[in-house]
Every structure is written in structure tokens, then in C-alpha cells.
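Reproduced below: target16.cif, with mmCIF, N, CA and C atoms.
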```
data_target
loop_
_atom_site.label_atom_id
_atom_site.label_comp_id
_atom_site.auth_asym_id
_atom_site.auth_seq_id
_atom_site.Cartn_x
_atom_site.Cartn_y
_atom_site.Cartn_z
N MET A 1 12.92 -11.60 -1.79
CA MET A 1 14.35 -11.85 -1.80
C MET A 1 14.99 -11.28 -3.05
N HIS A 2 14.26 -10.53 -3.81
CA HIS A 2 14.78 -9.94 -5.04
C HIS A 2 15.89 -8.95 -4.73
N GLU A 3 17.03 -9.10 -5.38
CA GLU A 3 18.20 -8.22 -5.23
C GLU A 3 18.89 -8.36 -3.87
N ALA A 4 18.45 -9.26 -3.02
CA ALA A 4 19.06 -9.42 -1.71
C ALA A 4 20.48 -9.98 -1.80
N GLU A 5 20.78 -10.66 -2.89
CA GLU A 5 22.12 -11.24 -3.04
C GLU A 5 23.19 -10.19 -3.31
N LYS A 6 22.78 -8.94 -3.57
CA LYS A 6 23.73 -7.88 -3.90
C LYS A 6 24.16 -7.06 -2.68
N LEU A 7 23.69 -7.41 -1.50
CA LEU A 7 24.04 -6.65 -0.30
C LEU A 7 25.52 -6.83 0.04
N SER A 8 26.11 -5.82 0.65
CA SER A 8 27.49 -5.94 1.12
C SER A 8 27.50 -6.74 2.42
N LEU A 9 28.67 -7.20 2.82
CA LEU A 9 28.76 -7.95 4.07
C LEU A 9 28.31 -7.11 5.26
N GLU A 10 28.61 -5.82 5.25
CA GLU A 10 28.19 -4.93 6.33
C GLU A 10 26.66 -4.81 6.37
N GLN A 11 26.04 -4.73 5.20
CA GLN A 11 24.59 -4.65 5.14
C GLN A 11 23.95 -5.96 5.61
N ILE A 12 24.57 -7.07 5.26
CA ILE A 12 24.06 -8.37 5.70
C ILE A 12 24.14 -8.47 7.22
N GLU A 13 25.27 -8.06 7.79
CA GLU A 13 25.43 -8.10 9.25
C GLU A 13 24.40 -7.20 9.94
N ALA A 14 24.19 -6.01 9.42
CA ALA A 14 23.20 -5.09 9.99
C ALA A 14 21.80 -5.69 9.90
N PHE A 15 21.49 -6.32 8.77
CA PHE A 15 20.19 -6.96 8.61
C PHE A 15 20.00 -8.07 9.64
N LEU A 16 21.00 -8.93 9.81
CA LEU A 16 20.89 -10.03 10.76
C LEU A 16 20.70 -9.51 12.18
N ASN A 17 21.40 -8.44 12.54
CA ASN A 17 21.28 -7.88 13.87
C ASN A 17 19.92 -7.23 14.10
N ALA A 18 19.34 -6.67 13.07
CA ALA A 18 18.08 -5.95 13.20
C ALA A 18 16.84 -6.83 13.02
N SER A 19 17.02 -8.04 12.54
CA SER A 19 15.85 -8.85 12.18
C SER A 19 15.76 -10.14 12.99
N GLN A 20 16.00 -10.07 14.26
CA GLN A 20 15.97 -11.27 15.09
C GLN A 20 14.62 -11.98 15.04
N GLU A 21 13.53 -11.24 14.95
CA GLU A 21 12.20 -11.82 14.98
C GLU A 21 11.61 -12.06 13.59
N ILE A 22 12.30 -11.66 12.54
CA ILE A 22 11.77 -11.79 11.18
C ILE A 22 12.29 -13.07 10.55
N ARG A 23 11.42 -13.74 9.81
CA ARG A 23 11.82 -14.97 9.12
C ARG A 23 11.22 -14.95 7.72
N PHE A 24 12.04 -15.23 6.73
CA PHE A 24 11.60 -15.26 5.34
C PHE A 24 11.71 -16.70 4.84
N GLU A 25 10.89 -17.03 3.85
CA GLU A 25 10.98 -18.35 3.25
C GLU A 25 10.72 -18.24 1.76
N GLY A 26 11.46 -19.01 0.96
CA GLY A 26 11.26 -19.03 -0.48
C GLY A 26 10.03 -19.83 -0.84
N GLU A 27 9.59 -19.69 -2.07
CA GLU A 27 8.38 -20.37 -2.50
C GLU A 27 8.63 -21.80 -2.97
N THR A 28 9.62 -21.99 -3.83
CA THR A 28 9.91 -23.33 -4.34
C THR A 28 11.38 -23.66 -4.11
N GLN A 29 11.68 -24.94 -4.14
CA GLN A 29 13.06 -25.37 -3.97
C GLN A 29 13.96 -24.78 -5.05
N LYS A 30 13.47 -24.77 -6.27
CA LYS A 30 14.26 -24.24 -7.38
C LYS A 30 14.60 -22.77 -7.16
N GLN A 31 13.62 -21.98 -6.72
CA GLN A 31 13.87 -20.56 -6.45
C GLN A 31 14.87 -20.37 -5.31
N ILE A 32 14.69 -21.15 -4.26
CA ILE A 32 15.58 -21.04 -3.11
C ILE A 32 17.01 -21.39 -3.51
N TYR A 33 17.20 -22.50 -4.20
CA TYR A 33 18.54 -22.93 -4.60
C TYR A 33 19.18 -21.91 -5.53
N HIS A 34 18.40 -21.37 -6.46
CA HIS A 34 18.94 -20.37 -7.37
C HIS A 34 19.39 -19.13 -6.59
N TRP A 35 18.56 -18.70 -5.64
CA TRP A 35 18.91 -17.52 -4.85
C TRP A 35 20.18 -17.76 -4.04
N ILE A 36 20.28 -18.93 -3.40
CA ILE A 36 21.48 -19.26 -2.62
C ILE A 36 22.71 -19.25 -3.52
N GLU A 37 22.60 -19.87 -4.68
CA GLU A 37 23.72 -19.90 -5.62
C GLU A 37 24.15 -18.49 -6.01
N GLN A 38 23.18 -17.61 -6.26
CA GLN A 38 23.50 -16.23 -6.62
C GLN A 38 24.20 -15.50 -5.47
N VAL A 39 23.72 -15.70 -4.26
CA VAL A 39 24.37 -15.07 -3.10
C VAL A 39 25.81 -15.54 -2.97
N LEU A 40 26.02 -16.85 -3.03
CA LEU A 40 27.37 -17.40 -2.86
C LEU A 40 28.30 -16.94 -3.99
N ARG A 41 27.78 -16.87 -5.20
CA ARG A 41 28.59 -16.45 -6.34
C ARG A 41 28.93 -14.96 -6.24
N ARG A 42 27.93 -14.11 -6.02
CA ARG A 42 28.17 -12.66 -5.98
C ARG A 42 29.03 -12.23 -4.80
N GLN A 43 28.91 -12.95 -3.70
CA GLN A 43 29.71 -12.61 -2.52
C GLN A 43 31.08 -13.30 -2.55
N GLU A 44 31.34 -14.06 -3.61
CA GLU A 44 32.60 -14.80 -3.76
C GLU A 44 32.91 -15.58 -2.48
N TYR A 45 31.97 -16.44 -2.13
CA TYR A 45 32.00 -17.18 -0.86
C TYR A 45 33.35 -17.84 -0.60
N GLN A 46 33.92 -18.49 -1.59
CA GLN A 46 35.14 -19.26 -1.37
C GLN A 46 36.35 -18.39 -1.06
N GLN A 47 36.31 -17.11 -1.43
CA GLN A 47 37.44 -16.22 -1.16
C GLN A 47 37.25 -15.43 0.13
N GLN A 48 36.14 -15.60 0.82
CA GLN A 48 35.87 -14.83 2.02
C GLN A 48 36.60 -15.39 3.24
N SER A 49 36.75 -14.55 4.24
CA SER A 49 37.33 -14.98 5.52
C SER A 49 36.35 -15.90 6.24
N ARG A 50 36.82 -16.56 7.27
CA ARG A 50 35.97 -17.46 8.03
C ARG A 50 34.77 -16.71 8.63
N ARG A 51 35.01 -15.53 9.15
CA ARG A 51 33.94 -14.72 9.74
C ARG A 51 32.90 -14.35 8.69
N ALA A 52 33.35 -13.95 7.52
CA ALA A 52 32.44 -13.56 6.44
C ALA A 52 31.63 -14.76 5.96
N ARG A 53 32.27 -15.92 5.86
CA ARG A 53 31.53 -17.12 5.45
C ARG A 53 30.45 -17.47 6.47
N GLY A 54 30.76 -17.32 7.76
CA GLY A 54 29.76 -17.56 8.80
C GLY A 54 28.60 -16.59 8.71
N LEU A 55 28.91 -15.35 8.41
CA LEU A 55 27.90 -14.32 8.24
C LEU A 55 26.99 -14.65 7.06
N LEU A 56 27.59 -15.06 5.95
CA LEU A 56 26.82 -15.44 4.77
C LEU A 56 25.95 -16.66 5.04
N ARG A 57 26.49 -17.62 5.78
CA ARG A 57 25.72 -18.82 6.13
C ARG A 57 24.49 -18.43 6.97
N SER A 58 24.69 -17.57 7.97
CA SER A 58 23.58 -17.11 8.81
C SER A 58 22.54 -16.37 7.99
N TYR A 59 22.99 -15.58 7.05
CA TYR A 59 22.10 -14.82 6.17
C TYR A 59 21.24 -15.77 5.33
N VAL A 60 21.87 -16.78 4.75
CA VAL A 60 21.14 -17.74 3.92
C VAL A 60 20.13 -18.50 4.78
N ILE A 61 20.52 -18.89 5.97
CA ILE A 61 19.60 -19.59 6.87
C ILE A 61 18.39 -18.71 7.18
N LYS A 62 18.65 -17.46 7.51
CA LYS A 62 17.58 -16.52 7.86
C LYS A 62 16.64 -16.27 6.68
N MET A 63 17.19 -16.06 5.52
CA MET A 63 16.39 -15.70 4.36
C MET A 63 15.60 -16.88 3.78
N THR A 64 16.11 -18.08 3.90
CA THR A 64 15.46 -19.23 3.27
C THR A 64 14.61 -20.05 4.22
N GLY A 65 14.89 -19.98 5.51
CA GLY A 65 14.18 -20.82 6.47
C GLY A 65 14.70 -22.24 6.51
N LEU A 66 15.78 -22.52 5.80
CA LEU A 66 16.38 -23.86 5.83
C LEU A 66 17.18 -24.05 7.12
N SER A 67 17.40 -25.30 7.49
CA SER A 67 18.18 -25.59 8.69
C SER A 67 19.66 -25.33 8.44
N ARG A 68 20.40 -25.18 9.52
CA ARG A 68 21.85 -24.98 9.41
C ARG A 68 22.51 -26.16 8.70
N ALA A 69 22.07 -27.37 9.03
CA ALA A 69 22.65 -28.56 8.39
C ALA A 69 22.39 -28.57 6.89
N GLN A 70 21.16 -28.22 6.48
CA GLN A 70 20.84 -28.22 5.06
C GLN A 70 21.65 -27.16 4.32
N VAL A 71 21.78 -25.98 4.91
CA VAL A 71 22.57 -24.91 4.27
C VAL A 71 24.03 -25.35 4.17
N THR A 72 24.54 -26.01 5.19
CA THR A 72 25.92 -26.51 5.14
C THR A 72 26.10 -27.49 3.99
N ARG A 73 25.13 -28.39 3.81
CA ARG A 73 25.21 -29.35 2.69
C ARG A 73 25.14 -28.64 1.34
N LEU A 74 24.28 -27.64 1.24
CA LEU A 74 24.15 -26.91 -0.02
C LEU A 74 25.43 -26.12 -0.34
N ILE A 75 26.02 -25.51 0.68
CA ILE A 75 27.27 -24.79 0.46
C ILE A 75 28.38 -25.75 0.04
N ALA A 76 28.43 -26.92 0.66
CA ALA A 76 29.43 -27.92 0.26
C ALA A 76 29.22 -28.34 -1.19
N ARG A 77 27.95 -28.52 -1.59
CA ARG A 77 27.67 -28.88 -2.99
C ARG A 77 28.07 -27.76 -3.94
N TYR A 78 27.80 -26.52 -3.54
CA TYR A 78 28.20 -25.37 -4.37
C TYR A 78 29.72 -25.32 -4.51
N ARG A 79 30.43 -25.52 -3.42
CA ARG A 79 31.89 -25.47 -3.47
C ARG A 79 32.45 -26.58 -4.34
N LYS A 80 31.80 -27.74 -4.34
CA LYS A 80 32.28 -28.88 -5.13
C LYS A 80 31.99 -28.71 -6.61
N SER A 81 30.75 -28.31 -6.94
CA SER A 81 30.35 -28.30 -8.35
C SER A 81 30.18 -26.91 -8.95
N GLY A 82 30.10 -25.87 -8.11
CA GLY A 82 29.92 -24.52 -8.62
C GLY A 82 28.48 -24.17 -8.94
N SER A 83 27.54 -25.08 -8.62
CA SER A 83 26.13 -24.78 -8.84
C SER A 83 25.28 -25.54 -7.84
N LEU A 84 24.01 -25.18 -7.80
CA LEU A 84 23.07 -25.83 -6.89
C LEU A 84 21.83 -26.27 -7.64
N GLN A 85 21.98 -27.21 -8.53
CA GLN A 85 20.82 -27.76 -9.21
C GLN A 85 20.06 -28.62 -8.22
N PRO A 86 18.72 -28.49 -8.14
CA PRO A 86 17.96 -29.33 -7.22
C PRO A 86 18.18 -30.81 -7.53
N CYS A 87 18.28 -31.62 -6.48
CA CYS A 87 18.49 -33.05 -6.64
C CYS A 87 17.23 -33.74 -7.09
N LEU A 88 17.42 -34.85 -7.76
CA LEU A 88 16.28 -35.69 -8.11
C LEU A 88 15.86 -36.47 -6.88
N THR A 89 14.61 -36.82 -6.78
CA THR A 89 14.19 -37.67 -5.67
C THR A 89 14.70 -39.08 -5.93
N ALA A 90 14.79 -39.88 -4.89
CA ALA A 90 15.31 -41.24 -5.04
C ALA A 90 14.47 -42.04 -6.02
N ASP A 91 13.16 -41.84 -6.01
CA ASP A 91 12.27 -42.58 -6.90
C ASP A 91 12.54 -42.23 -8.36
N ILE A 92 12.65 -40.95 -8.65
CA ILE A 92 12.91 -40.52 -10.03
C ILE A 92 14.33 -40.90 -10.44
N ALA A 93 15.29 -40.72 -9.55
CA ALA A 93 16.68 -40.99 -9.89
C ALA A 93 16.91 -42.47 -10.18
N SER A 94 16.19 -43.34 -9.49
CA SER A 94 16.40 -44.77 -9.71
C SER A 94 15.95 -45.18 -11.11
N ARG A 95 15.05 -44.41 -11.71
CA ARG A 95 14.58 -44.72 -13.06
C ARG A 95 15.19 -43.81 -14.11
N SER A 96 16.06 -42.92 -13.69
CA SER A 96 16.58 -41.91 -14.59
C SER A 96 17.96 -42.28 -15.13
N ALA A 97 18.30 -41.68 -16.24
CA ALA A 97 19.62 -41.91 -16.83
C ALA A 97 20.44 -40.62 -16.74
N ILE A 98 20.42 -39.98 -15.59
CA ILE A 98 21.15 -38.72 -15.42
C ILE A 98 22.15 -38.88 -14.28
N PRO A 99 23.24 -39.62 -14.49
CA PRO A 99 24.19 -39.87 -13.40
C PRO A 99 24.89 -38.62 -12.88
N ALA A 100 25.02 -37.59 -13.69
CA ALA A 100 25.71 -36.38 -13.22
C ALA A 100 24.93 -35.72 -12.09
N LEU A 101 23.62 -35.65 -12.20
CA LEU A 101 22.81 -35.07 -11.12
C LEU A 101 22.84 -35.94 -9.88
N ILE A 102 22.82 -37.24 -10.07
CA ILE A 102 22.85 -38.16 -8.94
C ILE A 102 24.16 -38.00 -8.17
N SER A 103 25.27 -37.89 -8.87
CA SER A 103 26.56 -37.80 -8.20
C SER A 103 26.69 -36.52 -7.37
N ASN A 104 25.96 -35.47 -7.72
CA ASN A 104 25.99 -34.23 -6.95
C ASN A 104 25.13 -34.30 -5.69
N CYS A 105 24.20 -35.24 -5.64
CA CYS A 105 23.21 -35.26 -4.57
C CYS A 105 23.47 -36.31 -3.50
N TRP A 106 23.99 -37.46 -3.86
CA TRP A 106 24.18 -38.53 -2.89
C TRP A 106 25.63 -38.98 -2.85
N PRO A 107 26.12 -39.34 -1.66
CA PRO A 107 27.44 -39.97 -1.60
C PRO A 107 27.36 -41.34 -2.29
N LYS A 108 28.49 -41.85 -2.72
CA LYS A 108 28.51 -43.11 -3.48
C LYS A 108 27.80 -44.22 -2.74
N SER A 109 27.98 -44.29 -1.42
CA SER A 109 27.39 -45.39 -0.65
C SER A 109 25.87 -45.34 -0.61
N MET A 110 25.27 -44.16 -0.93
CA MET A 110 23.82 -44.02 -0.84
C MET A 110 23.14 -43.88 -2.20
N ARG A 111 23.87 -43.91 -3.28
CA ARG A 111 23.28 -43.71 -4.60
C ARG A 111 22.33 -44.84 -4.95
N PRO A 112 21.21 -44.52 -5.54
CA PRO A 112 20.26 -45.57 -5.93
C PRO A 112 20.84 -46.41 -7.06
N THR A 113 20.45 -47.65 -7.09
CA THR A 113 20.89 -48.54 -8.17
C THR A 113 19.71 -48.81 -9.07
N ARG A 114 19.99 -49.06 -10.32
CA ARG A 114 18.93 -49.36 -11.28
C ARG A 114 18.56 -50.82 -11.18
N THR A 115 17.29 -51.09 -11.26
CA THR A 115 16.83 -52.49 -11.20
C THR A 115 16.14 -52.86 -12.47
#
```
As C-alpha cells, how would this structure be written, given the file I've shared?
Amino acid sequence: MHEAEKLSLEQIEAFLNASQEIRFEGETQKQIYHWIEQVLRRQEYQQQSRRARGLLRSYVIKMTGLSRAQVTRLIARYRKSGSLQPCLTADIASRSAIPALISNCWPKSMRPTRT
């Protein structure tokens, strides 16, 4: 996936049309999230048309192997905070003193409480 975030929208569309049977997957969550963030930033996701955003979403799904729902959540997090730092697990977060990361990962109703 090296340099894949620099493709033009036309190149992305051509890739998606030509690679129906090909599937790529990242190695670690951190690498995948970083790559998605780079794609969204370089392609200026928030300024794109609806069609272009859909194309970018399909590209991210294809390249990462993530589900459509997960990519939608990640894009929403990127739009809200401008980054995609991996979330803490519930076990670690419940013992952690990092509320900024927790607020990016869980809605208020689902945030872990400290005991």
C-alpha cells in the first residue's frame, strides 16, 4: 500500500474497476489507520463531491479489507477529529487516564467508567 494514497480519483476508479477479484489487507491496525488517514488527507476527503467520497470509501474498503461499517466509522472519526489514532481497548481504557482518546472512540453512553 506504499504510495497508494497519492493516486488521483481517476486512477482509483480504474483500479477499483480492474481489481474485482483482488483483495489487500494491512498488517497492523496502526498501519491501516495511518494509511487511511493519509488517503483522506491527501485526497481532501471533506472537500470532495458525494461521488468522489463514495469512490474513496470503496477504495479504502478494498485496500484494507475492513467492512463498510467500520470504514464509515473511521471516516466519521477522521472528520470529527482530523486524525485516526487507534482506540484503546475497553480493558485498558478503564484503567487509563487518557480521556481524550476515549472520547474519540466511544459515544458518551458507552464510555467505560473508572472503578
| message | Just want the 10 Å neighbourhood of Glu13 of chain A, counted on only C-alpha atoms, with same-chain residues fewer than 5 positions away dropped. Output as a list in words. | response |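 Selected residues are Leu7, Ser8, Ala18, Ala52, Leu55, Leu56, Ser58 and Tyr59 of chain A.
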| task | For atom CA of Arg51 of chain A and atom N of Gly82 of chain A, determine how far apart the two atoms are, in Å to one decimal place. | result |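 Answer for the atom CA of Arg51 of chain A to atom N of Gly82 of chain A separation: 21.4 Å.
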| Between atom CA of Leu16 of chain A and atom C of Lys80 of chain A, distance in Å (one decimal) | 27.8 Å
| field | d(atom N of Glu27 of chain A, atom CA of Ile61 of chain A) in Å | value |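 About the pair atom N of Glu27 of chain A and atom CA of Ile61 of chain A: they are 13.4 Å apart.
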| query | Written as a ChimeraX atom specification, which residues does the PyMOL selection byres (((chain A and resi 46 and name CA) around 12) and name CA) give for the file shown? | reply | /A:39-45,47-50,52-54,56,75-76,78-80,82
Write the residues of the selection above to a file with N, CA and C atoms, as a PDB file, in the frame of the given file.
```
ATOM      1  N   VAL A  39      23.720 -15.700  -4.260  1.00  0.00           N
ATOM      2  CA  VAL A  39      24.370 -15.070  -3.100  1.00  0.00           C
ATOM      3  C   VAL A  39      25.810 -15.540  -2.970  1.00  0.00           C
ATOM      4  N   LEU A  40      26.020 -16.850  -3.030  1.00  0.00           N
ATOM      5  CA  LEU A  40      27.370 -17.400  -2.860  1.00  0.00           C
ATOM      6  C   LEU A  40      28.300 -16.940  -3.990  1.00  0.00           C
ATOM      7  N   ARG A  41      27.780 -16.870  -5.200  1.00  0.00           N
ATOM      8  CA  ARG A  41      28.590 -16.450  -6.340  1.00  0.00           C
ATOM      9  C   ARG A  41      28.930 -14.960  -6.240  1.00  0.00           C
ATOM     10  N   ARG A  42      27.930 -14.110  -6.020  1.00  0.00           N
ATOM     11  CA  ARG A  42      28.170 -12.660  -5.980  1.00  0.00           C
ATOM     12  C   ARG A  42      29.030 -12.230  -4.800  1.00  0.00           C
ATOM     13  N   GLN A  43      28.910 -12.950  -3.700  1.00  0.00           N
ATOM     14  CA  GLN A  43      29.710 -12.610  -2.520  1.00  0.00           C
ATOM     15  C   GLN A  43      31.080 -13.300  -2.550  1.00  0.00           C
ATOM     16  N   GLU A  44      31.340 -14.060  -3.610  1.00  0.00           N
ATOM     17  CA  GLU A  44      32.600 -14.800  -3.760  1.00  0.00           C
ATOM     18  C   GLU A  44      32.910 -15.580  -2.480  1.00  0.00           C
ATOM     19  N   TYR A  45      31.970 -16.440  -2.130  1.00  0.00           N
ATOM     20  CA  TYR A  45      32.000 -17.180  -0.860  1.00  0.00           C
ATOM     21  C   TYR A  45      33.350 -17.840  -0.600  1.00  0.00           C
ATOM     22  N   GLN A  47      36.310 -17.110  -1.430  1.00  0.00           N
ATOM     23  CA  GLN A  47      37.440 -16.220  -1.160  1.00  0.00           C
ATOM     24  C   GLN A  47      37.250 -15.430   0.130  1.00  0.00           C
ATOM     25  N   GLN A  48      36.140 -15.600   0.820  1.00  0.00           N
ATOM     26  CA  GLN A  48      35.870 -14.830   2.020  1.00  0.00           C
ATOM     27  C   GLN A  48      36.600 -15.390   3.240  1.00  0.00           C
ATOM     28  N   SER A  49      36.750 -14.550   4.240  1.00  0.00           N
ATOM     29  CA  SER A  49      37.330 -14.980   5.520  1.00  0.00           C
ATOM     30  C   SER A  49      36.350 -15.900   6.240  1.00  0.00           C
ATOM     31  N   ARG A  50      36.820 -16.560   7.270  1.00  0.00           N
ATOM     32  CA  ARG A  50      35.970 -17.460   8.030  1.00  0.00           C
ATOM     33  C   ARG A  50      34.770 -16.710   8.630  1.00  0.00           C
ATOM     34  N   ALA A  52      33.350 -13.950   7.520  1.00  0.00           N
ATOM     35  CA  ALA A  52      32.440 -13.560   6.440  1.00  0.00           C
ATOM     36  C   ALA A  52      31.630 -14.760   5.960  1.00  0.00           C
ATOM     37  N   ARG A  53      32.270 -15.920   5.860  1.00  0.00           N
ATOM     38  CA  ARG A  53      31.530 -17.120   5.450  1.00  0.00           C
ATOM     39  C   ARG A  53      30.450 -17.470   6.470  1.00  0.00           C
ATOM     40  N   GLY A  54      30.760 -17.320   7.760  1.00  0.00           N
ATOM     41  CA  GLY A  54      29.760 -17.560   8.800  1.00  0.00           C
ATOM     42  C   GLY A  54      28.600 -16.590   8.710  1.00  0.00           C
ATOM     43  N   LEU A  56      27.590 -15.060   5.950  1.00  0.00           N
ATOM     44  CA  LEU A  56      26.820 -15.440   4.770  1.00  0.00           C
ATOM     45  C   LEU A  56      25.950 -16.660   5.040  1.00  0.00           C
ATOM     46  N   ILE A  75      26.020 -25.510   0.680  1.00  0.00           N
ATOM     47  CA  ILE A  75      27.270 -24.790   0.460  1.00  0.00           C
ATOM     48  C   ILE A  75      28.380 -25.750   0.040  1.00  0.00           C
ATOM     49  N   ALA A  76      28.430 -26.920   0.660  1.00  0.00           N
ATOM     50  CA  ALA A  76      29.430 -27.920   0.260  1.00  0.00           C
ATOM     51  C   ALA A  76      29.220 -28.340  -1.190  1.00  0.00           C
ATOM     52  N   TYR A  78      27.800 -26.520  -3.540  1.00  0.00           N
ATOM     53  CA  TYR A  78      28.200 -25.370  -4.370  1.00  0.00           C
ATOM     54  C   TYR A  78      29.720 -25.320  -4.510  1.00  0.00           C
ATOM     55  N   ARG A  79      30.430 -25.520  -3.420  1.00  0.00           N
ATOM     56  CA  ARG A  79      31.890 -25.470  -3.470  1.00  0.00           C
ATOM     57  C   ARG A  79      32.450 -26.580  -4.340  1.00  0.00           C
ATOM     58  N   LYS A  80      31.800 -27.740  -4.340  1.00  0.00           N
ATOM     59  CA  LYS A  80      32.280 -28.880  -5.130  1.00  0.00           C
ATOM     60  C   LYS A  80      31.990 -28.710  -6.610  1.00  0.00           C
ATOM     61  N   GLY A  82      30.100 -25.870  -8.110  1.00  0.00           N
ATOM     62  CA  GLY A  82      29.920 -24.520  -8.620  1.00  0.00           C
ATOM     63  C   GLY A  82      28.480 -24.170  -8.940  1.00  0.00           C
TER      64      GLY A  82
END
```
| request: With a distance cut-off of 6.5 Å and only N, CA and C atoms, select the neighbouring residues of Leu84 of chain A, excluding the residue or stretch itself and same-chain residues fewer than 6 positions from it, and output the selection as an MDAnalysis selection string. | output: chainID A and resid 33:34 37 77:78
| Between A:Gln38, A:Arg57, A:Gln70, A:Thr64, which has the minimum distance to Lys6 of chain A (counting only N, CA and C atoms)? |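 That would be A:Gln38, the residue with the smallest distance to Lys6 of chain A.
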| When DSSP works through the backbone of this structure, what residues of segment 10-78 of chain A end up as helix (DSSP H, G or I), shown as an MDAnalysis selection string? | chainID A and resid 10:18 29:42 45:47 50:64 68:78
